[in-house]
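**Student:** One file: work-v1.txt (compact mmCIF, C-alpha atoms).
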```txt
# COMPACT_ATOMS: atom_id res chain seq x y z
CA MET E 1 35.49 178.67 92.57
CA ASP E 2 34.49 179.00 96.22
CA ASP E 3 30.81 178.19 95.67
CA VAL E 4 30.27 174.71 97.16
CA LEU E 5 26.69 174.36 95.93
CA ALA E 6 25.91 171.98 93.10
CA PRO E 7 25.95 173.55 89.63
CA ALA E 8 22.65 174.78 88.20
CA GLU E 9 22.56 172.47 85.16
CA PRO E 10 21.19 168.92 85.43
CA ALA E 11 23.50 166.36 87.07
CA ASN E 12 25.73 164.24 84.80
CA MET E 13 25.68 166.89 82.05
CA THR E 14 28.52 168.94 80.64
CA VAL E 15 28.06 172.59 79.78
CA ALA E 16 27.18 171.43 76.28
CA GLY E 17 24.76 168.82 77.68
CA ILE E 18 26.75 165.82 76.42
CA ARG E 19 28.09 162.93 78.50
CA ALA E 20 31.48 161.74 77.29
CA ARG E 21 31.67 158.14 76.13
CA TYR E 22 34.58 157.53 78.53
CA ALA E 23 32.53 158.66 81.55
CA ALA E 24 31.37 156.17 84.16
CA ASP E 25 27.79 155.20 83.36
CA PRO E 26 25.59 154.41 86.38
CA ALA E 27 23.38 152.28 84.14
CA GLN E 28 26.42 150.03 83.58
CA THR E 29 27.55 149.77 87.21
CA ARG E 30 29.17 146.53 88.29
CA GLY E 31 26.70 146.51 91.16
CA ARG E 32 26.94 146.36 94.94
CA GLU E 33 28.40 143.81 97.34
CA PHE E 34 24.90 143.06 98.61
CA GLY E 35 22.33 143.01 95.83
CA GLU E 36 19.78 145.81 95.60
CA VAL E 37 17.23 147.03 93.09
CA GLU E 38 18.24 150.49 91.88
CA GLY E 39 15.68 153.30 91.80
CA GLY E 40 12.44 152.41 93.57
CA VAL E 41 9.96 154.49 95.52
CA ARG E 42 12.54 157.06 96.60
CA GLY E 43 12.78 158.42 93.10
CA PRO E 44 14.77 157.81 89.94
CA ARG E 45 18.21 158.43 91.43
CA SER E 46 21.19 156.89 89.69
CA ALA E 47 23.44 154.41 91.51
CA TYR E 48 26.04 157.14 92.06
CA GLN E 49 23.48 159.65 93.30
CA ARG E 50 22.39 157.08 95.88
CA ASP E 51 26.02 156.58 96.90
CA ARG E 52 26.51 160.31 97.38
CA ASP E 53 23.32 160.58 99.43
CA ARG E 54 24.27 157.64 101.66
CA ILE E 55 27.66 159.22 102.33
CA ILE E 56 26.17 162.61 103.20
CA HIS E 57 23.65 161.07 105.60
CA SER E 58 26.23 158.88 107.37
CA ILE E 59 27.39 159.46 110.93
CA ALA E 60 31.02 159.09 109.80
CA PHE E 61 30.59 162.01 107.40
CA ARG E 62 29.08 164.23 110.10
CA ARG E 63 32.00 163.51 112.41
CA LEU E 64 34.36 165.13 109.92
CA LYS E 65 33.17 168.53 111.15
CA HIS E 66 35.30 168.06 114.28
CA LYS E 67 38.32 166.35 112.73
CA ALA E 68 41.45 168.38 111.99
CA GLN E 69 42.39 169.53 108.51
CA VAL E 70 45.51 171.51 109.45
CA PHE E 71 44.78 172.85 112.92
CA VAL E 72 43.58 170.68 115.80
CA ALA E 73 40.32 171.72 117.50
CA PRO E 74 40.85 175.40 116.60
CA TYR E 75 39.25 178.15 118.62
CA GLY E 76 38.48 180.17 115.49
CA ASP E 77 35.31 179.43 113.54
CA HIS E 78 36.87 180.26 110.16
CA TYR E 79 39.41 177.45 109.94
CA ARG E 80 38.74 174.44 107.77
CA THR E 81 37.93 171.01 109.13
CA ARG E 82 37.86 167.69 107.30
CA LEU E 83 34.18 168.32 106.60
CA THR E 84 34.51 171.76 105.02
CA HIS E 85 37.60 170.57 103.16
CA SER E 86 35.62 167.64 101.72
CA LEU E 87 32.85 169.98 100.57
CA GLU E 88 35.41 172.20 98.84
CA VAL E 89 37.03 169.20 97.18
CA ALA E 90 33.61 168.14 95.90
CA GLN E 91 32.98 171.58 94.42
CA VAL E 92 36.33 171.59 92.59
CA GLY E 93 35.79 168.00 91.45
CA ARG E 94 32.36 168.73 89.99
CA VAL E 95 33.70 171.67 88.00
CA ILE E 96 36.41 169.53 86.41
CA ALA E 97 34.06 166.57 85.88
CA ARG E 98 31.51 168.73 84.11
CA ALA E 99 34.09 170.26 81.78
CA LEU E 100 35.31 166.77 80.84
CA GLY E 101 31.85 165.25 80.43
CA LEU E 102 32.29 162.87 83.36
CA ASP E 103 29.70 161.64 85.84
CA GLU E 104 29.47 164.46 88.38
CA ASP E 105 27.65 162.38 90.98
CA LEU E 106 30.34 159.69 91.13
CA THR E 107 33.02 162.39 91.27
CA GLU E 108 31.18 164.14 94.09
CA ALA E 109 30.67 160.93 96.07
CA LEU E 110 34.38 160.16 95.87
CA CYS E 111 35.35 163.68 96.91
CA LEU E 112 32.97 163.71 99.86
CA ALA E 113 34.09 160.31 101.15
CA HIS E 114 37.84 160.42 100.53
CA ASP E 115 38.78 161.48 104.09
CA ILE E 116 36.22 159.48 106.07
CA GLY E 117 38.93 157.03 107.20
CA HIS E 118 40.98 159.69 108.97
CA GLY E 119 41.12 159.38 112.74
CA PRO E 120 41.42 162.28 115.17
CA PHE E 121 44.34 164.70 114.74
CA GLY E 122 44.95 163.84 111.10
CA HIS E 123 48.24 162.17 110.23
CA ALA E 124 49.57 162.44 113.80
CA GLY E 125 46.71 160.25 115.03
CA GLU E 126 47.22 157.90 112.10
CA ARG E 127 50.89 157.39 113.02
CA ALA E 128 49.94 156.49 116.59
CA LEU E 129 47.36 153.94 115.41
CA GLN E 130 49.84 152.51 112.92
CA ARG E 131 52.31 151.86 115.74
CA ALA E 132 49.61 150.46 118.02
CA LEU E 133 48.60 147.96 115.31
CA SER E 134 52.11 147.20 114.10
CA GLN E 135 51.71 143.52 115.11
CA GLN E 136 48.10 143.31 113.89
CA GLY E 137 48.53 144.52 110.30
CA GLY E 138 48.92 148.27 110.84
CA PHE E 139 46.54 151.15 110.17
CA ASP E 140 46.10 153.09 106.92
CA HIS E 141 43.53 155.87 106.63
CA ASN E 142 42.72 155.12 102.98
CA ALA E 143 42.05 151.46 103.74
CA HIS E 144 40.09 152.53 106.81
CA THR E 145 37.85 154.65 104.61
CA LEU E 146 36.77 151.44 102.88
CA ARG E 147 36.38 149.67 106.24
CA VAL E 148 34.11 152.42 107.55
CA LEU E 149 31.94 152.48 104.44
CA MET E 150 31.77 148.71 103.91
CA ARG E 151 31.60 147.40 107.49
CA LEU E 152 31.49 149.89 110.37
CA GLU E 153 28.84 152.41 109.23
CA SER E 154 25.83 150.08 109.19
CA PRO E 155 22.45 151.84 109.31
CA TYR E 156 20.60 149.14 107.35
CA CYS E 157 18.89 146.04 108.67
CA THR E 158 19.81 143.86 105.69
CA HIS E 159 23.58 144.20 105.39
CA GLU E 160 26.78 145.65 106.82
CA GLY E 161 28.06 148.99 105.61
CA LEU E 162 26.52 151.49 103.22
CA ASN E 163 26.64 148.99 100.34
CA LEU E 164 28.04 151.53 97.88
CA SER E 165 28.49 150.79 94.20
CA TRP E 166 31.58 149.02 92.91
CA GLU E 167 32.75 152.14 91.07
CA THR E 168 32.64 154.29 94.21
CA LEU E 169 34.52 151.73 96.28
CA GLU E 170 37.03 151.14 93.49
CA GLY E 171 37.67 154.86 93.20
CA LEU E 172 38.26 155.23 96.93
CA ALA E 173 40.59 152.23 96.99
CA LYS E 174 42.84 153.49 94.20
CA HIS E 175 42.14 157.18 93.56
CA ASN E 176 45.89 157.70 93.97
CA GLY E 177 46.65 155.03 91.39
CA PRO E 178 46.74 151.22 91.16
CA VAL E 179 47.56 149.37 94.34
CA SER E 180 50.57 147.20 93.60
CA SER E 181 50.42 143.54 94.54
CA ALA E 182 54.23 143.64 94.92
CA ASN E 183 53.77 145.15 98.38
CA PRO E 184 51.63 143.69 101.17
CA LEU E 185 48.19 145.29 101.13
CA PRO E 186 46.91 146.96 104.29
CA TRP E 187 44.97 144.23 106.06
CA ALA E 188 41.67 146.12 105.90
CA LEU E 189 41.94 146.64 102.15
CA ARG E 190 43.00 143.03 101.60
CA GLU E 191 40.04 141.62 103.53
CA LEU E 192 37.56 143.91 101.80
CA ASP E 193 39.01 143.20 98.36
CA ASP E 194 38.73 139.48 99.04
CA ALA E 195 35.03 139.96 99.85
CA PHE E 196 34.27 142.29 96.92
CA PRO E 197 37.19 142.40 94.41
CA LEU E 198 38.02 145.94 93.28
CA ASP E 199 40.49 145.24 90.45
CA LEU E 200 43.27 146.94 92.43
CA GLY E 201 46.02 146.48 89.88
CA ARG E 202 44.56 148.77 87.20
CA TRP E 203 43.92 152.49 86.99
CA SER E 204 40.56 153.68 88.26
CA SER E 205 37.90 155.71 86.48
CA LEU E 206 38.55 159.25 85.32
CA GLU E 207 36.09 160.36 87.99
CA ALA E 208 38.37 158.92 90.68
CA GLN E 209 41.47 160.43 89.09
CA VAL E 210 39.75 163.82 89.03
CA ALA E 211 38.72 163.45 92.68
CA ALA E 212 42.36 162.94 93.68
CA LEU E 213 43.43 166.05 91.78
CA ALA E 214 40.56 168.06 93.28
CA ASP E 215 41.84 167.08 96.73
CA ASP E 216 45.33 168.34 95.86
CA ILE E 217 44.01 171.60 94.43
CA ALA E 218 41.76 172.27 97.41
CA TYR E 219 44.22 171.61 100.19
CA ASP E 220 47.21 173.14 98.40
CA ASN E 221 45.41 176.46 98.29
CA HIS E 222 43.01 176.44 101.22
CA ASP E 223 45.73 175.37 103.65
CA ILE E 224 47.60 178.50 102.53
CA GLU E 225 44.58 180.60 103.47
CA ASP E 226 44.35 178.99 106.91
CA GLY E 227 48.10 179.29 107.42
CA LEU E 228 47.96 183.01 106.65
CA ARG E 229 45.00 183.45 109.00
CA ALA E 230 46.87 181.70 111.82
CA GLY E 231 50.04 183.72 111.25
CA PHE E 232 52.08 180.60 110.46
CA LEU E 233 52.66 181.82 106.90
CA SER E 234 53.39 185.30 105.60
CA LEU E 235 52.63 186.82 102.23
CA ASP E 236 56.33 187.58 101.73
CA GLN E 237 57.12 183.88 102.13
CA LEU E 238 54.51 182.96 99.53
CA LEU E 239 55.80 185.52 97.07
CA SER E 240 59.21 183.86 97.11
CA MET E 241 57.69 181.40 94.63
CA PRO E 242 57.66 183.04 91.18
CA PHE E 243 54.38 181.46 89.97
CA ILE E 244 52.57 182.88 93.00
CA ALA E 245 54.32 186.24 92.69
CA ASP E 246 53.16 186.46 89.05
CA GLN E 247 49.54 185.88 90.09
CA TRP E 248 49.85 188.41 92.91
CA ASP E 249 51.21 191.08 90.58
CA ALA E 250 48.40 190.46 88.10
CA ILE E 251 45.78 190.75 90.86
CA GLY E 252 47.33 193.99 92.12
CA ARG E 253 47.14 195.50 88.64
CA LYS E 254 43.53 194.38 88.23
CA PHE E 255 42.36 195.63 91.65
CA PRO E 256 44.46 198.67 92.59
CA GLY E 257 43.86 200.09 96.04
CA VAL E 258 41.96 197.04 97.38
CA ALA E 259 42.75 195.93 100.94
CA GLN E 260 45.40 193.23 101.28
CA ASP E 261 43.16 190.67 103.01
CA ARG E 262 40.74 190.76 100.07
CA LEU E 263 43.59 190.53 97.59
CA GLN E 264 44.87 187.45 99.44
CA ARG E 265 41.52 185.74 99.06
CA GLU E 266 41.52 186.70 95.38
CA LEU E 267 44.97 185.10 95.12
CA ILE E 268 43.61 181.80 96.46
CA ARG E 269 40.75 181.85 93.94
CA SER E 270 43.15 182.72 91.15
CA GLN E 271 45.46 179.86 92.07
CA ILE E 272 42.58 177.39 92.12
CA GLY E 273 41.29 178.60 88.76
CA TRP E 274 44.76 178.33 87.25
CA MET E 275 45.16 174.74 88.43
CA VAL E 276 41.64 173.67 87.45
CA THR E 277 41.98 175.09 83.94
CA ASP E 278 45.32 173.34 83.53
CA VAL E 279 43.92 169.97 84.62
CA ILE E 280 41.00 170.25 82.20
CA GLU E 281 43.17 171.10 79.21
CA GLU E 282 45.93 168.62 80.03
CA THR E 283 43.46 165.80 80.63
CA LYS E 284 41.64 166.47 77.36
CA GLY E 285 44.97 166.21 75.57
CA ARG E 286 45.94 162.95 77.26
CA ILE E 287 42.55 161.40 76.50
CA ALA E 288 42.84 162.31 72.84
CA GLN E 289 46.43 161.09 72.60
CA ALA E 290 45.58 157.76 74.26
CA GLY E 291 42.59 157.23 71.95
CA VAL E 292 40.33 156.54 74.91
CA GLU E 293 36.67 156.07 73.97
CA THR E 294 35.08 154.09 76.81
CA ALA E 295 35.27 153.84 80.60
CA GLN E 296 36.91 150.46 80.18
CA ASP E 297 39.54 152.03 77.91
CA VAL E 298 40.40 154.36 80.79
CA ARG E 299 41.15 151.39 83.06
CA ASN E 300 43.08 149.62 80.31
CA ALA E 301 45.18 152.68 79.38
CA GLY E 302 47.94 151.71 81.79
CA MET E 303 48.61 155.31 82.72
CA GLN E 304 47.15 158.28 84.55
CA LEU E 305 44.97 160.24 82.15
CA ALA E 306 43.88 163.08 84.44
CA GLY E 307 46.68 165.34 85.59
CA PHE E 308 48.56 168.60 85.57
CA SER E 309 50.75 169.72 82.69
CA ILE E 310 54.50 169.39 83.23
CA GLY E 311 54.93 173.05 84.19
CA VAL E 312 52.03 173.20 86.63
CA ALA E 313 52.95 169.80 88.11
CA GLU E 314 56.41 171.15 88.91
CA ALA E 315 54.94 174.31 90.44
CA GLU E 316 52.52 172.21 92.50
CA ARG E 317 55.39 170.06 93.81
CA LYS E 318 57.27 173.20 94.85
CA LEU E 319 54.16 174.51 96.58
CA LYS E 320 53.80 171.26 98.53
CA SER E 321 57.45 171.38 99.59
CA PHE E 322 56.97 174.97 100.72
CA MET E 323 53.88 174.04 102.74
CA TYR E 324 55.65 171.18 104.48
CA GLU E 325 58.60 173.36 105.38
CA LYS E 326 56.71 176.46 106.47
CA LEU E 327 53.35 175.17 107.75
CA TYR E 328 53.03 171.42 108.31
CA TYR E 329 56.51 171.20 109.92
CA HIS E 330 56.28 174.55 111.67
CA PRO E 331 57.66 174.13 115.23
CA ALA E 332 54.24 174.80 116.76
CA GLN E 333 52.63 172.25 114.44
CA LYS E 334 55.30 169.67 115.20
CA ARG E 335 54.69 170.18 118.91
CA THR E 336 50.94 169.76 118.41
CA ALA E 337 51.52 166.59 116.37
CA GLU E 338 53.72 165.15 119.13
CA LEU E 339 51.07 165.84 121.77
CA ALA E 340 48.33 164.35 119.59
CA ASP E 341 50.42 161.25 118.86
CA ASN E 342 51.03 160.73 122.59
CA LEU E 343 47.36 161.26 123.39
CA ILE E 344 46.18 158.62 120.90
CA ALA E 345 48.88 156.19 122.02
CA GLY E 346 47.76 156.72 125.61
CA LEU E 347 44.12 156.08 124.76
CA PHE E 348 44.94 152.85 122.93
CA ALA E 349 47.08 151.58 125.80
CA ALA E 350 44.36 152.45 128.32
CA TYR E 351 41.56 150.68 126.42
CA ALA E 352 43.75 147.66 125.67
CA GLY E 353 44.77 147.39 129.31
CA ASP E 354 41.30 147.93 130.74
CA PRO E 355 38.43 147.31 128.29
CA ALA E 356 35.98 148.43 130.98
CA LEU E 357 36.93 151.97 129.95
CA LEU E 358 35.25 151.45 126.57
CA PRO E 359 31.64 152.57 126.09
CA GLU E 360 29.21 149.74 126.80
CA ASP E 361 28.29 148.97 123.19
CA TRP E 362 31.94 148.81 122.13
CA ARG E 363 32.82 146.75 125.20
CA ARG E 364 30.07 144.21 124.47
CA ALA E 365 31.33 143.76 120.90
CA LEU E 366 35.01 143.44 121.89
CA PRO E 367 36.48 140.23 120.40
CA ASP E 368 38.33 137.83 122.69
CA ALA E 369 41.33 137.13 120.46
CA GLU E 370 43.95 139.07 118.56
CA PRO E 371 44.27 140.64 116.05
CA GLN E 372 40.55 141.39 116.03
CA ARG E 373 40.63 142.70 119.60
CA SER E 374 43.21 145.43 118.90
CA ARG E 375 41.59 146.29 115.60
CA HIS E 376 38.26 146.77 117.34
CA ILE E 377 39.84 149.23 119.79
CA ALA E 378 41.50 151.05 116.87
CA ASP E 379 38.13 151.26 115.08
CA PHE E 380 36.70 153.02 118.14
CA ILE E 381 39.58 155.48 118.40
CA ALA E 382 39.70 156.16 114.66
CA GLY E 383 36.05 157.19 114.75
CA MET E 384 36.70 159.84 117.40
CA THR E 385 36.64 163.53 116.65
CA ASP E 386 39.51 165.65 117.95
CA ARG E 387 37.49 167.07 120.79
CA TYR E 388 36.01 163.69 121.79
CA ALA E 389 39.51 162.19 121.95
CA ILE E 390 40.63 165.10 124.14
CA ARG E 391 37.61 164.59 126.40
CA CYS E 392 38.17 160.83 126.69
CA HIS E 393 41.81 161.38 127.60
CA ALA E 394 40.81 163.87 130.28
CA GLU E 395 38.24 161.45 131.72
CA ILE E 396 40.75 158.58 131.88
CA PHE E 397 43.91 160.43 132.92
CA GLY E 398 42.47 163.51 134.58
CA HIS E 399 44.00 165.93 132.08
CA ALA E 400 44.53 166.67 128.38
CA PRO E 401 47.11 168.99 126.81
CA GLU E 402 45.74 172.50 126.48
CA GLU E 403 48.09 173.10 123.56
CA LEU E 404 45.96 170.83 121.36
CA SER E 405 43.60 173.79 120.93
CA ASN E 406 46.30 175.98 119.53
CA VAL E 407 44.78 178.47 117.09
```
What would you get if you wrote out this structure as structure tokens?
**Tutor:**
Amino acid sequence: MDDVLAPAEPANMTVAGIRARYAADPAQTRGREFGEVEGGVRGPRSAYQRDRDRIIHSIAFRRLKHKAQVFVAPYGDHYRTRLTHSLEVAQVGRVIARALGLDEDLTEALCLAHDIGHGPFGHAGERALQRALSQQGGFDHNAHTLRVLMRLESPYCTHEGLNLSWETLEGLAKHNGPVSSANPLPWALRELDDAFPLDLGRWSSLEAQVAALADDIAYDNHDIEDGLRAGFLSLDQLLSMPFIADQWDAIGRKFPGVAQDRLQRELIRSQIGWMVTDVIEETKGRIAQAGVETAQDVRNAGMQLAGFSIGVAEAERKLKSFMYEKLYYHPAQKRTAELADNLIAGLFAAYAGDPALLPEDWRRALPDAEPQRSRHIADFIAGMTDRYAIRCHAEIFGHAPEELSNV
């Protein structure tokens, strides 16, 4: 499960070579915000293959290599970043998509792009930007993903954004489920939906539902591995959860005498395999029970079709609670989050108070009026990597907290 390369069989094919009728079909795409002719001289790529390729070649995607997954700007080379996490999510997503007969390219595009809207320092940075924009509509990393892909990342001469297909944008907007109109939408999502409606009130494609589950599976297990490496978690703590202890015992019986560090990595692979297998079987059952036959049936089903079984869902919830208690809310992590929050708040206040501190191209484009002015500054900060934010803070204030490189 840790091979992040694309599978050997042709794209969009299951192991049996059959695309499911309920899969997203690139030949039936609802199109792009700005009209384009699909295919062309660059080869017979499908709409979703082109989306994936545009995401991979984007500057925003490259910046993920220096954005925190769990640990901020770590000294060690073996810790995950948002980039390596996204690659691992894509690998898990493709495995599930293939087993279910879904479109692997759409699944992969969604997995690769799902974290592009994160600013520096993960959720700590997001909280600081949310406060800074509290009077201008707030900040939400999922909505910002759409803003980056539809407006800010603009390498083409003919239109803003990457001009991704409707299905990719829809999946990113609601991969965690329908976006209720009962609550105010994040301003970025509202403006983008007004320009290119994404049918926010209904469930998304199975490919998007699978991408969300692949994200959970990847970070649930890979954050454990990084936590163990950093010494923030111990094996004894993990084994307090019976479903992990059962896997550990089975691995020990299968590989007697093997060194503990290798057994721990085998445990992570075993956990991922267990969750992936469960999702595949549970989702097949839900699809059959719902009588789903087409991609439109998926959106009309009124329920989540891809998911864990009841038992594994409960175990996964317990694992998340454990990770929050032992890793994400570890005293050292909480201290790092506080420093990161203060750093981002300081940067925003500095740029808002003296726009001359902005790089020239961002300063030239700075709007005169609110809320666009503050949102423009937030766009600049949200695009920063962890280390660039630290460097900017040091240039403006003469220092940056050393503790932000804490691993």
**Student:** Under the rule that all atoms listed in the file are counted, which of E:Phe308, E:Phe255, E:Phe380, E:Phe34 is the nearest residue to Val279 (chain E)?
**Tutor:** E:Phe308
**Student:** List as a PyMOL selection string the protein and nucleic acid residues near region 302-307 of chain E, meaning an atom at most 12 Å away when only C-alpha atoms are counted, but skip any in the same chain fewer than 6 places from it.
**Tutor:** chain E and resi 22+93+96-97+100+102+174-178+201-214+216-217+275-292+295-296+313-314+316
**Student:** For Tyr48 (chain E), work out the shell of residues within 10 Å, counting only C-alpha atoms and skipping chain neighbours fewer than 4 positions away, then give it as a PyMOL selection string.
**Tutor:** chain E and resi 24-27+29+52-54+103-110+164-168
**Student:** Write the residues of the selection above to a file with C-alpha atoms, as a compact mmCIF listing (two decimals), in the coordinates of the input.
**Tutor:**
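As a result, selection-v2.txt now contains:
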```
# COMPACT_ATOMS: atom_id res chain seq x y z
CA ALA E 24 31.37 156.17 84.16
CA ASP E 25 27.79 155.20 83.36
CA PRO E 26 25.59 154.41 86.38
CA ALA E 27 23.38 152.28 84.14
CA THR E 29 27.55 149.77 87.21
CA ARG E 52 26.51 160.31 97.38
CA ASP E 53 23.32 160.58 99.43
CA ARG E 54 24.27 157.64 101.66
CA ASP E 103 29.70 161.64 85.84
CA GLU E 104 29.47 164.46 88.38
CA ASP E 105 27.65 162.38 90.98
CA LEU E 106 30.34 159.69 91.13
CA THR E 107 33.02 162.39 91.27
CA GLU E 108 31.18 164.14 94.09
CA ALA E 109 30.67 160.93 96.07
CA LEU E 110 34.38 160.16 95.87
CA LEU E 164 28.04 151.53 97.88
CA SER E 165 28.49 150.79 94.20
CA TRP E 166 31.58 149.02 92.91
CA GLU E 167 32.75 152.14 91.07
CA THR E 168 32.64 154.29 94.21
```
**Student:** Taking only C-alpha atoms into account, name the residue in E:Ala218, E:Ala340, E:Leu327, E:Ala73 that is nearest to Gln91 (chain E).
**Tutor:**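 Closest to Gln91 (chain E) of all the choices is E:Ala218.
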**Student:** Just how far from CA of Gln135 (chain E) is CA of Ala382 (chain E), in Å to one decimal?
**Tutor:**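 The value is 17.4 Å.
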**Student:** For CA of Phe61 (chain E) and CA of Ile344 (chain E), quote the distance in Å rounded to one decimal.
**Tutor:** 20.9 Å
**Student:** So, with only C-alpha atoms as the atoms that count, which of E:Phe71, E:Ser154, E:Ala132, E:Leu239 lies closest to Ile59 (chain E)?
**Tutor:**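 Comparing E:Phe71, E:Ser154, E:Ala132, E:Leu239 against Ile59 (chain E), the winner is E:Ser154.
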**Student:** Would you work out the distance separating CA of Ala173 (chain E) from CA of Asn142 (chain E), expressed in Å to one decimal?
**Tutor:**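 Computed distance, CA of Ala173 (chain E) to CA of Asn142 (chain E), equals 7.0 Å.
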**Student:** Dig up all the protein and nucleic acid residues within 8 Å of (48.0, 160.8, 113.6) in the file frame, using only C-alpha atoms, and format them as a list of chain:residue names.
**Tutor:**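 Residues lying no farther than 8 Å from the given point: E:Gly119, E:Pro120, E:Phe121, E:Gly122, E:His123, E:Ala124, E:Gly125, E:Glu126, E:Arg127, E:Ala128, E:Leu129, E:Ala337, E:Ala340, E:Asp341, E:Ile344.
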**Student:** Which residue out of E:Lys65, E:Gln260, E:Gln247, E:Glu225 has the minimum interatomic distance to Met384 (chain E) when all atoms listed in the file are used?
**Tutor:**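 Result for the nearest residue to Met384 (chain E): E:Lys65.
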